[in-house]
file start.pdb (PDB, C-alpha atoms)
ATOM      1  CA  GLY A 949       0.000   0.000   0.000  1.00  0.00           C
ATOM      2  CA  GLU A 950       2.814   2.382   0.881  1.00  0.00           C
ATOM      3  CA  ALA A 951       4.650   1.618  -2.382  1.00  0.00           C
ATOM      4  CA  ARG A 952       1.474   2.313  -4.355  1.00  0.00           C
ATOM      5  CA  THR A 953       1.073   5.666  -2.559  1.00  0.00           C
ATOM      6  CA  MET A 954       4.660   6.652  -3.388  1.00  0.00           C
ATOM      7  CA  SER A 955       4.118   5.685  -7.017  1.00  0.00           C
ATOM      8  CA  SER A 956       0.969   7.822  -7.205  1.00  0.00           C
ATOM      9  CA  ARG A 957       2.809  10.826  -5.764  1.00  0.00           C
ATOM     10  CA  SER A 958       5.654  10.400  -8.241  1.00  0.00           C
ATOM     11  CA  MET A 959       3.160  10.248 -11.094  1.00  0.00           C
ATOM     12  CA  LEU A 960       1.424  13.422  -9.931  1.00  0.00           C
ATOM     13  CA  ALA A 961       4.748  15.236  -9.659  1.00  0.00           C
ATOM     14  CA  PHE A 962       5.716  14.107 -13.155  1.00  0.00           C
ATOM     15  CA  VAL A 963       2.385  15.315 -14.585  1.00  0.00           C
ATOM     16  CA  ALA A 964       2.751  18.665 -12.859  1.00  0.00           C
ATOM     17  CA  MET A 965       6.239  19.054 -14.360  1.00  0.00           C
ATOM     18  CA  LEU A 966       4.904  18.302 -17.831  1.00  0.00           C
ATOM     19  CA  ILE A 967       2.154  20.932 -17.428  1.00  0.00           C
ATOM     20  CA  ALA A 968       4.682  23.518 -16.280  1.00  0.00           C
ATOM     21  CA  CYS A 969       6.954  22.773 -19.236  1.00  0.00           C
ATOM     22  CA  ALA A 970       4.030  23.033 -21.665  1.00  0.00           C
ATOM     23  CA  SER A 971       2.930  26.403 -20.261  1.00  0.00           C
ATOM     24  CA  THR A 972       6.509  27.675 -20.472  1.00  0.00           C
ATOM     25  CA  ALA A 973       6.767  26.544 -24.094  1.00  0.00           C
ATOM     26  CA  ASN A 974       3.559  28.413 -24.946  1.00  0.00           C
ATOM     27  CA  ALA A 975       4.887  31.576 -23.253  1.00  0.00           C
ATOM     28  CA  VAL A 976       8.110  31.744 -25.307  1.00  0.00           C
ATOM     29  CA  GLY A 977       7.873  34.654 -27.727  1.00  0.00           C
ATOM     30  CA  GLU A 978       4.853  36.112 -25.925  1.00  0.00           C
ATOM     31  CA  LEU A 979       4.962  37.176 -22.271  1.00  0.00           C
ATOM     32  CA  LYS A 980       6.810  36.071 -19.158  1.00  0.00           C
ATOM     33  CA  PRO A 981       6.558  37.184 -15.512  1.00  0.00           C
ATOM     34  CA  VAL A 982       9.434  39.135 -13.976  1.00  0.00           C
ATOM     35  CA  ASP A 983      10.111  40.663 -10.563  1.00  0.00           C
ATOM     36  CA  TYR A 984       7.493  42.792  -8.805  1.00  0.00           C
ATOM     37  CA  GLY A 985       4.705  41.137 -10.744  1.00  0.00           C
ATOM     38  CA  GLU A 986       5.484  43.004 -13.979  1.00  0.00           C
ATOM     39  CA  VAL A 987       4.951  41.393 -17.368  1.00  0.00           C
ATOM     40  CA  VAL A 988       7.239  42.223 -20.284  1.00  0.00           C
ATOM     41  CA  ALA A 989       7.561  40.963 -23.825  1.00  0.00           C
ATOM     42  CA  VAL A 990      10.195  38.316 -24.429  1.00  0.00           C
ATOM     43  CA  GLU A 991      10.730  39.131 -28.084  1.00  0.00           C
ATOM     44  CA  HIS A 992      12.342  42.471 -28.894  1.00  0.00           C
ATOM     45  CA  PHE A 993      12.810  44.057 -32.295  1.00  0.00           C
ATOM     46  CA  ASN A 994      15.284  46.318 -34.057  1.00  0.00           C
ATOM     47  CA  ILE A 995      14.216  49.601 -35.639  1.00  0.00           C
ATOM     48  CA  ASP A 996      16.094  50.588 -38.793  1.00  0.00           C
ATOM     49  CA  GLY A 997      16.149  54.156 -39.998  1.00  0.00           C
ATOM     50  CA  VAL A 998      18.036  56.802 -41.924  1.00  0.00           C
ATOM     51  CA  ILE A 999      18.842  60.497 -41.392  1.00  0.00           C
ATOM     52  CA  ASP A1000      17.779  62.767 -44.239  1.00  0.00           C
ATOM     53  CA  ALA A1001      20.882  64.967 -44.187  1.00  0.00           C
ATOM     54  CA  ARG A1002      20.032  67.122 -47.198  1.00  0.00           C
ATOM     55  CA  GLY A1003      20.794  70.694 -46.236  1.00  0.00           C
ATOM     56  CA  MET A1004      22.677  69.744 -43.055  1.00  0.00           C
ATOM     57  CA  ARG A1005      25.979  71.255 -44.117  1.00  0.00           C
ATOM     58  CA  GLY A1006      28.958  70.778 -41.876  1.00  0.00           C
ATOM     59  CA  THR A1007      27.201  68.210 -39.650  1.00  0.00           C
ATOM     60  CA  ARG A1008      28.918  64.905 -38.965  1.00  0.00           C
ATOM     61  CA  MET A1009      26.712  61.859 -38.533  1.00  0.00           C
ATOM     62  CA  SER A1010      28.643  60.928 -35.398  1.00  0.00           C
ATOM     63  CA  ASP A1011      27.459  64.191 -33.780  1.00  0.00           C
ATOM     64  CA  ILE A1012      23.793  63.187 -34.109  1.00  0.00           C
ATOM     65  CA  LYS A1013      22.196  61.264 -31.242  1.00  0.00           C
ATOM     66  CA  ILE A1014      18.946  59.316 -31.512  1.00  0.00           C
ATOM     67  CA  THR A1015      17.212  58.370 -28.261  1.00  0.00           C
ATOM     68  CA  VAL A1016      14.138  56.202 -27.749  1.00  0.00           C
ATOM     69  CA  VAL A1017      12.373  56.614 -24.406  1.00  0.00           C
ATOM     70  CA  LEU A1018      10.433  53.435 -23.699  1.00  0.00           C
ATOM     71  CA  ASN A1019       7.007  53.501 -22.104  1.00  0.00           C
ATOM     72  CA  GLY A1020       8.636  52.159 -18.944  1.00  0.00           C
ATOM     73  CA  GLY A1021      11.058  55.093 -18.720  1.00  0.00           C
ATOM     74  CA  GLN A1022      14.198  53.304 -19.935  1.00  0.00           C
ATOM     75  CA  LYS A1023      16.246  54.846 -22.734  1.00  0.00           C
ATOM     76  CA  ILE A1024      17.901  53.292 -25.783  1.00  0.00           C
ATOM     77  CA  ALA A1025      20.322  55.537 -27.663  1.00  0.00           C
ATOM     78  CA  THR A1026      22.317  55.178 -30.850  1.00  0.00           C
ATOM     79  CA  ARG A1027      24.188  57.233 -33.450  1.00  0.00           C
ATOM     80  CA  PRO A1028      23.926  57.003 -37.236  1.00  0.00           C
ATOM     81  CA  ARG A1029      26.634  55.580 -39.468  1.00  0.00           C
ATOM     82  CA  ALA A1030      28.556  57.714 -41.929  1.00  0.00           C
ATOM     83  CA  ASP A1031      25.929  57.094 -44.620  1.00  0.00           C
ATOM     84  CA  GLY A1032      23.129  58.263 -42.298  1.00  0.00           C
ATOM     85  CA  THR A1033      21.619  54.843 -41.581  1.00  0.00           C
ATOM     86  CA  PHE A1034      21.092  53.695 -37.996  1.00  0.00           C
ATOM     87  CA  ARG A1035      19.656  50.766 -36.042  1.00  0.00           C
ATOM     88  CA  ILE A1036      18.007  50.891 -32.618  1.00  0.00           C
ATOM     89  CA  LEU A1037      18.476  47.508 -30.967  1.00  0.00           C
ATOM     90  CA  ASP A1038      16.217  45.467 -28.684  1.00  0.00           C
ATOM     91  CA  VAL A1039      13.101  47.625 -28.616  1.00  0.00           C
ATOM     92  CA  PRO A1040      10.113  45.926 -26.934  1.00  0.00           C
ATOM     93  CA  PRO A1041       6.583  46.257 -28.325  1.00  0.00           C
ATOM     94  CA  GLY A1042       4.694  49.255 -27.012  1.00  0.00           C
ATOM     95  CA  ILE A1043       4.306  53.003 -27.479  1.00  0.00           C
ATOM     96  CA  HIS A1044       7.599  54.862 -27.214  1.00  0.00           C
ATOM     97  CA  PHE A1045       8.987  58.362 -27.776  1.00  0.00           C
ATOM     98  CA  LEU A1046      11.870  59.121 -30.156  1.00  0.00           C
ATOM     99  CA  ASP A1047      14.005  62.259 -29.902  1.00  0.00           C
ATOM    100  CA  THR A1048      16.816  63.305 -32.243  1.00  0.00           C
ATOM    101  CA  PHE A1049      19.536  65.781 -31.296  1.00  0.00           C
ATOM    102  CA  ALA A1050      21.845  67.450 -33.805  1.00  0.00           C
ATOM    103  CA  LEU A1051      23.739  70.633 -33.010  1.00  0.00           C
ATOM    104  CA  GLY A1052      22.351  73.487 -35.082  1.00  0.00           C
ATOM    105  CA  TYR A1053      19.193  71.694 -36.274  1.00  0.00           C
ATOM    106  CA  THR A1054      15.772  70.872 -34.866  1.00  0.00           C
ATOM    107  CA  PHE A1055      14.168  67.466 -35.367  1.00  0.00           C
ATOM    108  CA  PRO A1056      10.490  66.952 -34.541  1.00  0.00           C
ATOM    109  CA  PRO A1057       9.729  64.440 -31.755  1.00  0.00           C
ATOM    110  CA  ILE A1058       8.151  61.201 -32.982  1.00  0.00           C
ATOM    111  CA  THR A1059       5.785  58.787 -31.272  1.00  0.00           C
ATOM    112  CA  LEU A1060       6.552  55.150 -32.119  1.00  0.00           C
ATOM    113  CA  LYS A1061       4.090  52.273 -31.846  1.00  0.00           C
ATOM    114  CA  LEU A1062       5.809  48.903 -32.139  1.00  0.00           C
ATOM    115  CA  LEU A1063       3.407  46.006 -32.482  1.00  0.00           C
ATOM    116  CA  THR A1064       4.000  42.482 -31.157  1.00  0.00           C
ATOM    117  CA  ASN A1065       4.624  41.250 -34.693  1.00  0.00           C
ATOM    118  CA  GLY A1066       7.445  43.781 -35.158  1.00  0.00           C
ATOM    119  CA  LYS A1067       5.507  46.169 -37.381  1.00  0.00           C
ATOM    120  CA  LEU A1068       6.304  49.819 -36.723  1.00  0.00           C
ATOM    121  CA  GLN A1069       3.874  52.716 -36.816  1.00  0.00           C
ATOM    122  CA  ALA A1070       5.052  56.317 -36.329  1.00  0.00           C
ATOM    123  CA  GLU A1071       3.590  59.812 -36.159  1.00  0.00           C
ATOM    124  CA  TYR A1072       4.918  63.241 -35.316  1.00  0.00           C
ATOM    125  CA  ALA A1073       4.118  64.047 -31.695  1.00  0.00           C
ATOM    126  CA  GLU A1074       3.248  67.675 -32.496  1.00  0.00           C
ATOM    127  CA  ASP A1075       1.407  66.908 -35.758  1.00  0.00           C
ATOM    128  CA  PRO A1076      -0.263  63.468 -35.660  1.00  0.00           C
ATOM    129  CA  ASP A1077      -1.820  64.006 -39.086  1.00  0.00           C
ATOM    130  CA  GLU A1078       1.587  63.898 -40.788  1.00  0.00           C
ATOM    131  CA  LEU A1079       3.185  60.443 -40.785  1.00  0.00           C
ATOM    132  CA  PRO A1080       6.916  59.856 -41.339  1.00  0.00           C
ATOM    133  CA  ALA A1081       8.155  56.996 -43.476  1.00  0.00           C
ATOM    134  CA  THR A1082       8.749  53.849 -41.410  1.00  0.00           C
ATOM    135  CA  ASP A1083      10.427  51.415 -43.821  1.00  0.00           C
ATOM    136  CA  PRO A1084      13.027  52.518 -42.945  1.00  0.00           C
ATOM    137  CA  LEU A1085      12.193  55.203 -40.382  1.00  0.00           C
ATOM    138  CA  ARG A1086      13.209  58.488 -41.989  1.00  0.00           C
ATOM    139  CA  LEU A1087      14.273  61.405 -39.782  1.00  0.00           C
ATOM    140  CA  ARG A1088      14.729  64.900 -41.203  1.00  0.00           C
ATOM    141  CA  PRO A1089      15.265  68.313 -39.586  1.00  0.00           C
ATOM    142  CA  VAL A1090      12.489  70.871 -39.842  1.00  0.00           C
ATOM    143  CA  SER A1091      14.509  73.998 -39.063  1.00  0.00           C
ATOM    144  CA  THR A1092      17.834  75.333 -37.936  1.00  0.00           C
ATOM    145  CA  ALA A1093      18.349  76.010 -34.243  1.00  0.00           C
ATOM    146  CA  GLU A1094      19.395  79.496 -33.097  1.00  0.00           C
ATOM    147  CA  TYR A1095      21.240  79.330 -29.784  1.00  0.00           C
ATOM    148  CA  PHE A1096      22.326  82.983 -29.638  1.00  0.00           C
ATOM    149  CA  GLU A1097      20.351  86.125 -30.376  1.00  0.00           C
ATOM    150  CA  ALA A1098      21.986  88.347 -32.960  1.00  0.00           C
ATOM    151  CA  ARG A1099      23.064  91.735 -31.632  1.00  0.00           C
ATOM    152  CA  ALA A1100      20.984  94.556 -33.047  1.00  0.00           C
ATOM    153  CA  ALA A1101      22.861  97.059 -35.184  1.00  0.00           C
ATOM    154  CA  ALA A1102      23.211 100.638 -33.985  1.00  0.00           C
ATOM    155  CA  SER A1103      20.338 102.768 -35.232  1.00  0.00           C
ATOM    156  CA  PRO A1104      19.918 106.576 -34.919  1.00  0.00           C
ATOM    157  CA  MET A1105      16.171 106.149 -34.532  1.00  0.00           C
ATOM    158  CA  ALA A1106      16.695 103.752 -31.636  1.00  0.00           C
ATOM    159  CA  MET A1107      18.982 106.289 -29.942  1.00  0.00           C
ATOM    160  CA  LEU A1108      16.288 108.962 -30.201  1.00  0.00           C
ATOM    161  CA  LYS A1109      14.042 106.770 -28.020  1.00  0.00           C
ATOM    162  CA  ASN A1110      16.497 107.112 -25.145  1.00  0.00           C
ATOM    163  CA  PRO A1111      15.330 109.798 -22.638  1.00  0.00           C
ATOM    164  CA  MET A1112      18.890 110.810 -21.810  1.00  0.00           C
ATOM    165  CA  VAL A1113      19.651 111.458 -25.480  1.00  0.00           C
ATOM    166  CA  LEU A1114      16.500 113.572 -25.793  1.00  0.00           C
ATOM    167  CA  MET A1115      17.482 115.652 -22.760  1.00  0.00           C
ATOM    168  CA  VAL A1116      20.945 116.306 -24.202  1.00  0.00           C
ATOM    169  CA  LEU A1117      19.470 117.295 -27.561  1.00  0.00           C
ATOM    170  CA  MET A1118      17.005 119.713 -25.933  1.00  0.00           C
ATOM    171  CA  THR A1119      19.812 121.309 -23.930  1.00  0.00           C
ATOM    172  CA  VAL A1120      21.903 121.779 -27.071  1.00  0.00           C
ATOM    173  CA  LEU A1121      18.943 123.274 -28.941  1.00  0.00           C
ATOM    174  CA  MET A1122      18.200 125.677 -26.103  1.00  0.00           C
ATOM    175  CA  ALA A1123      21.854 126.753 -25.874  1.00  0.00           C
ATOM    176  CA  TRP A1124      21.933 127.372 -29.620  1.00  0.00           C
ATOM    177  CA  GLY A1125      18.515 128.924 -30.081  1.00  0.00           C
ATOM    178  CA  MET A1126      18.149 131.076 -26.953  1.00  0.00           C
ATOM    179  CA  PRO A1127      20.778 133.716 -27.942  1.00  0.00           C
ATOM    180  CA  LYS A1128      19.150 134.111 -31.352  1.00  0.00           C
ATOM    181  CA  MET A1129      15.749 134.559 -29.733  1.00  0.00           C
ATOM    182  CA  ILE A1130      17.148 137.219 -27.406  1.00  0.00           C
ATOM    183  CA  GLU A1131      18.769 139.099 -30.302  1.00  0.00           C
ATOM    184  CA  ASN A1132      15.424 139.353 -32.101  1.00  0.00           C
ATOM    185  CA  MET A1133      13.456 140.481 -29.032  1.00  0.00           C
ATOM    186  CA  ASP A1134      12.190 144.025 -28.524  1.00  0.00           C
ATOM    187  CA  PRO A1135      14.438 145.955 -26.078  1.00  0.00           C
ATOM    188  CA  GLU A1136      11.554 146.722 -23.725  1.00  0.00           C
ATOM    189  CA  GLU A1137      10.452 143.061 -23.677  1.00  0.00           C
ATOM    190  CA  LEU A1138      14.043 142.008 -23.053  1.00  0.00           C
ATOM    191  CA  LYS A1139      14.312 144.415 -20.125  1.00  0.00           C
ATOM    192  CA  MET A1140      11.044 143.175 -18.628  1.00  0.00           C
ATOM    193  CA  MET A1141      12.185 139.560 -18.958  1.00  0.00           C
ATOM    194  CA  GLN A1142      15.491 140.378 -17.247  1.00  0.00           C
ATOM    195  CA  GLU A1143      13.639 142.074 -14.379  1.00  0.00           C
ATOM    196  CA  ARG A1144      11.366 139.066 -13.965  1.00  0.00           C
ATOM    197  CA  MET A1145      14.290 136.680 -13.981  1.00  0.00           C
ATOM    198  CA  GLY A1146      16.179 138.843 -11.531  1.00  0.00           C
ATOM    199  CA  SER A1147      13.266 139.047  -9.115  1.00  0.00           C
ATOM    200  CA  GLN A1148      12.797 135.280  -8.995  1.00  0.00           C
ATOM    201  CA  PRO A1149      14.648 133.440  -6.205  1.00  0.00           C
ATOM    202  CA  THR A1150      17.434 131.053  -7.008  1.00  0.00           C
ATOM    203  CA  MET A1151      17.548 127.439  -5.872  1.00  0.00           C
ATOM    204  CA  GLN A1152      20.075 128.377  -3.207  1.00  0.00           C
ATOM    205  CA  ASP A1153      17.689 131.028  -1.829  1.00  0.00           C
ATOM    206  CA  ILE A1154      14.846 128.512  -1.726  1.00  0.00           C
ATOM    207  CA  LEU A1155      16.908 125.920   0.135  1.00  0.00           C
ATOM    208  CA  SER A1156      18.272 128.460   2.617  1.00  0.00           C
ATOM    209  CA  GLY A1157      14.835 129.969   3.313  1.00  0.00           C
ATOM    210  CA  LYS A1158      15.835 133.410   2.143  1.00  0.00           C
ATOM    211  CA  ALA A1159      13.148 133.452  -0.561  1.00  0.00           C
ATOM    212  CA  THR A1160      10.427 132.929   2.049  1.00  0.00           C
ATOM    213  CA  ALA A1161      11.796 135.698   4.227  1.00  0.00           C
ATOM    214  CA  ASP A1162      11.992 138.119   1.280  1.00  0.00           C
ATOM    215  CA  ALA A1163       8.409 137.309   0.272  1.00  0.00           C
ATOM    216  CA  ALA A1164       7.213 138.196   3.792  1.00  0.00           C
ATOM    217  CA  LYS A1165       8.826 141.639   3.645  1.00  0.00           C
ATOM    218  CA  PRO A1166       6.581 144.533   2.574  1.00  0.00           C
ATOM    219  CA  LYS A1167       7.327 145.765  -0.905  1.00  0.00           C
ATOM    220  CA  THR A1168       8.595 149.244  -1.532  1.00  0.00           C
ATOM    221  CA  GLY A1169       6.921 151.694  -3.840  1.00  0.00           C
ATOM    222  CA  ALA A1170       9.633 151.224  -6.503  1.00  0.00           C
ATOM    223  CA  GLU A1171       9.100 147.480  -6.448  1.00  0.00           C
ATOM    224  CA  ARG A1172       5.347 147.862  -6.768  1.00  0.00           C
ATOM    225  CA  ARG A1173       5.763 150.302  -9.685  1.00  0.00           C
ATOM    226  CA  ALA A1174       8.172 147.880 -11.376  1.00  0.00           C
ATOM    227  CA  GLU A1175       5.629 145.082 -11.039  1.00  0.00           C
ATOM    228  CA  GLN A1176       2.891 147.287 -12.476  1.00  0.00           C
ATOM    229  CA  ARG A1177       5.066 148.156 -15.470  1.00  0.00           C
ATOM    230  CA  ALA A1178       5.798 144.469 -15.981  1.00  0.00           C
ATOM    231  CA  THR A1179       2.097 143.613 -16.034  1.00  0.00           C
TER
END
call {"tool": "encode", "arguments": {"input": "start.pdb", "output": "structure tokens"}}
result
Amino acid sequence: GEARTMSSRSMLAFVAMLIACASTANAVGELKPVDYGEVVAVEHFNIDGVIDARGMRGTRMSDIKITVVLNGGQKIATRPRADGTFRILDVPPGIHFLDTFALGYTFPPITLKLLTNGKLQAEYAEDPDELPATDPLRLRPVSTAEYFEARAAASPMAMLKNPMVLMVLMTVLMAWGMPKMIENMDPEELKMMQERMGSQPTMQDILSGKATADAAKPKTGAERRAEQRAT
């Protein structure tokens, strides 16, 4: 009886091993469990592409970097060969993001959708209606990149917008035009203007308080007659 029980247990263990092997065989090429309960694809694919370097003068292919950010956050990077072709290795199925860097040029970001059968679908992230070629994946710059702002050339009109320049110009005009205005004035008007300017307090008098004290003094008859003549 005990021998029969041992034989039954051995048979059950053998059957369980066969079932496990069969399930593992079915999982090859599809999905397998990994740590933390995640499930990833076993089969990865390569993405072939080419850089459309027309118009990229002075740019070496080795200076261009192509990076694929996987949907899990990992990054796969590569650089094109001298003829512009490149290959991104071991890319799992899923939706990924491709970014291309080349000094002096701007490449549009691309969203990649890699199916489980290895077929690639791509679209521009900023313009989903326009689809890039995918067999092979063709990358081309859309514009040149300006890293420094060109210095504006000196302009007389721009200088006239400066308040300090305007103040200097007004001072020069007054210094040049005032003597000519005085020469053409009537002698009586010139004398009246001089009397008015002489009767007004200076800035020093205002700060010292002398102007206030003089204003409080009663005016003499000559001063009153001078004011009447001025008016």
call {"tool": "atom_distance", "arguments": {"input": "start.pdb", "atom1": "CA of Val1113 (chain A)", "atom2": "CA of Ile1130 (chain A)"}}
result
26.0 Å
call {"tool": "residues_around", "arguments": {"input": "start.pdb", "residues": "Gly1032 (chain A)", "least_positions_apart": "3", "cutoff": "12 Å", "atoms": "only C-alpha atoms", "output": "VMD selection string"}}
result
chain A and resid 996 to 1002 1004 1007 to 1014 1026 to 1029 1035 1084 to 1088
call {"tool": "atom_distance", "arguments": {"input": "start.pdb", "atom1": "CA of Asn994 (chain A)", "atom2": "CA of Phe1045 (chain A)"}}
result
15.0 Å
call {"tool": "residues_around", "arguments": {"input": "start.pdb", "residues": "region 1046-1048 of chain A", "least_positions_apart": "4", "cutoff": "10 Å", "atoms": "all atoms listed in the file", "output": "MDAnalysis selection string"}}
result
chainID A and resid 999 1012:1018 1023:1027 1053:1060 1070 1072:1073 1087:1089
call {"tool": "atom_distance", "arguments": {"input": "start.pdb", "atom1": "CA of Leu1117 (chain A)", "atom2": "CA of Leu1138 (chain A)"}}
result
25.7 Å
call {"tool": "residues_near_point", "arguments": {"input": "start.pdb", "point": "(13.0, 41.6, -29.4)", "cutoff": "6 Å", "atoms": "all atoms listed in the file", "output": "ChimeraX atom specification"}}
result
/A:991-993,1038,1040
call {"tool": "closest_residue", "arguments": {"input": "start.pdb", "among": "A:Ala1030, A:Gly1021, A:Met1122, A:Pro1127", "to": "Gly1042 (chain A)", "atoms": "only C-alpha atoms"}}
result
A:Gly1021
call {"tool": "closest_residue", "arguments": {"input": "start.pdb", "among": "A:Val1039, A:Leu1051, A:Leu1068, A:Leu1121", "to": "Gln1022 (chain A)", "atoms": "only C-alpha atoms"}}
result
A:Val1039
call {"tool": "axis_aligned_box", "arguments": {"input": "start.pdb", "around": "region 1135-1138 of chain A", "padding_each_side": "4 Å", "output": "AutoDock Vina command-line options"}}
result
--center_x 12.4 --center_y 144.4 --center_z -24.6 --size_x 12.0 --size_y 12.7 --size_z 11.0
